[in-house]
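Structure record follows, encoded as structure tokens.
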Amino acid sequence: MPLPRLLTLIIGLSLILGLMLWLINSLYRLYIQISFTTPLLANLLLLLLIALLGLLIFAFIYYMGLLGPTQKGQPRRLIPPKVPEVKTEAANETLKAVRQQVTQIQDEVARQALLTRSREIESILARGELLVVVFGTGSAGKTSLINALLGRMIGEVGAPMGTTEVGETYSLKLKGLNRQILITDTPGILEAGVAGTQREQMARELATEADLLLFVVDNDLRQSEYIPLQRLAEIGKRSIVILNKVDLYSEVDKEKIIARLRQRVRGFIAPSDVVAIAANPESVELDDGEIFQPEPDVMPLIRRLAAVLRSEGEDLVADNILMQSQRLGEEARKIIDNQRRREAEKVVERFQWIGAGVISVTPLPVVDLLATAAVNAQMVVEIGRIYGCELNVERGRELALSLGKTLASLGIVKGAIQLLSTALQLNVATYLVGKAIQGVTAAYLTRIAGKSFIEYFRHNQDWGDGGMTEVVQKQFQLNRRDEFIKAFVQDAIARVVKPLTDNSQTELESKNSSHQQDW
């Protein structure tokens with residue numbers, strides 16, 4: 001124990017001991033006088049005074065640090081940084097699900113890209129580093145800010161961790177913070193040209209991966225700056241807005257700009273997260289002609305940065321890792337969904353022309369057309385299998401019949417016949433329209449049914465809030481557009497009308513040949 005503290009302790013205990021002796025003598029005399037008249041009051045007074053004395057001794061000892069002291073040479077151990085367990089477990093579960101989904105992806109490039117990204121997230125989770133990204137326009141002074149922080153930040157500053165296409169990353173160590181800080185400079189946004197657009201896209205991608213974003217401006221927010229800042233906030237990105245180059249403004253103007261900035265970002269950035277600095281102040285010419293270069297003024301940012309990282313650092317890392325793993329899972333789901341959709345659409349296209357061929361050869365009444373060709377039970381089974389739903393043919397027939405009734409009740413069968421009759425009359429000889437209309441209509445209705453079932457299986461065998469009716473109507477509207485009808489009719493002519501034409505010519509030639517033989 002240091003000598004001044006030891007002397008203070010000895011003097012304090014001596015005073016307390018002297019007071020105790022004096023107090024005991026006084027209490028004894030007082031107790032004797034009161035006990036003759038009211039013994040109960042005397043006892044209560046004695047207990048109260050003893051309690052007050054004990055409290056005084058306890059407070060003195062506690063203040064001197066005698067309760068739970070830390071011995072010299074045994075510093076208090078710092079608890080290693082640990083990401084909140086609930087979010088860590090959620091991120092790990094998401095990454096595990098991504099690895100399972102990756103096995104279903106057929107595109108080798110996409111599969112390897114997802115696996116690489118999942119390993120990177122796992123590595124970040126294991127290292128526990130804090131990634132701070134500096135983002136903004138090229139003229140706002142991002143690089144000057146980085147340089148000023150490297151020179152002023154309390155703690156160690158590492159060398160660049162490697163030049164990339166989006167900037168340089170430096171390693172920092174802030175006193176009082178156990179985590180390593182990686183601070184990354186990015187290219188400016190809103191740069192002209194194709195190359196500038198590409199660099200901006202890279203910078204935006206890096207910004208979405210940051211634990212904390214430093215958004216640098218040199219004046220009031222422009223609309224082109226506000227939009228990316230707001231979008232980053234919408235995905236949960238924690239940001240600090242930095243007004244740089246305040247040395248160029250008067251004190252009044254500086255306060256006005258800060259007030260406007262805080263007003264514009266109100267609702268998604270706290271007022272305390274809008275700070276003003278001068279990362280690279282302009283030089284000043286003195287009266288004697290000498291040029292004076294002021295020191296960078298970045299202490300407001302350092303204080304705010306330190307406060308945010310110390311109080312929120314663990315949650316920032318956890319939230320970002322969880323968000324990145326969820327985004328990766330969503331990306332994997334989209335790839336698989338697109339892959340399944342392409343496979344299912346091939347099934348629909350195959351069955352629509354199979355149905356068209358059957359109906360065009362053996363025309364049937366409209367009701368039978370609806371039940372047999374518009375929705376094919378086997379098509380439903382195959383689409384379900386693509387989406388991991390094993391259905392038997394009986395169940396497929398039930399679903400097909402249900403959707404067929406919906407097509408009829410909505411008037412889509414009649415509407416399809418009218419729509420395709422008009423289109424065919426413009427492209428096919430009149431005598432062939434009657435033969436072709438049922439086959440082409442069957443193909444068209446099978447397409448609408450198949451597209452509807454794709455949506456049904458995509459949403460885990462659920463038609464949604466609007467039910468089957470809404471899904472079918474939407475598909476009918478999508479498939480009645482002029483550009484689609486033109487392409488569909490041209491395809492139908494090749495697949496349905498041309499075979500009918502060839503059959504008619506064959507039959508005619510056969511009849512002529514038979515007639516000539518009879519003659």
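Chains: A, B, ... in order of the structure tokens. Residues: from 1 per chain. Ligands: from 1, in order shown.
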Item checked: Exercise: Ser409 of chain A partners within 12 Å, only C-alpha atoms, chain neighbours under 2 positions left out, as JSON, numbers by chain -> {"A": [367, 370, 402, 403, 404, 405, 406, 407, 411, 412, 413, 414, 415, 468, 469, 472, 473]}
All residues 9 Å or closer to Leu316 of chain A, only C-alpha atoms, same chain fewer than 5 positions away omitted, as JSON, numbers by chain:
{"A": [130, 211, 212, 237, 238, 309, 321]}
**Item:** Phe135 of chain A surroundings by only C-alpha atoms, 9 Å radius, close-in-sequence under 4 positions cut, as JSON, numbers by chain
**Value:** {"A": [142, 184, 185, 186, 187, 188, 189, 203, 204, 207, 213, 214, 215, 216]}
Query - Test item: residues at most 8 Å from Arg447 of chain A, only C-alpha atoms, excluding those fewer than 4 positions along its chain, as a list of chain:residue names - result: A:Val348, A:Glu349, A:Gln352, A:Ala374, A:Ala443, A:Lys451
- prompt: Closest to Leu125 of chain A among A:Glu295, A:Glu345, A:Asn320, A:Ala233, using only C-alpha atoms?
  reply: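 The closest residue to Leu125 of chain A is A:Asn320.
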One decimal place gives the atom CA of Lys175 of chain A-atom CA of Ala306 of chain A separation as 8.8 Å
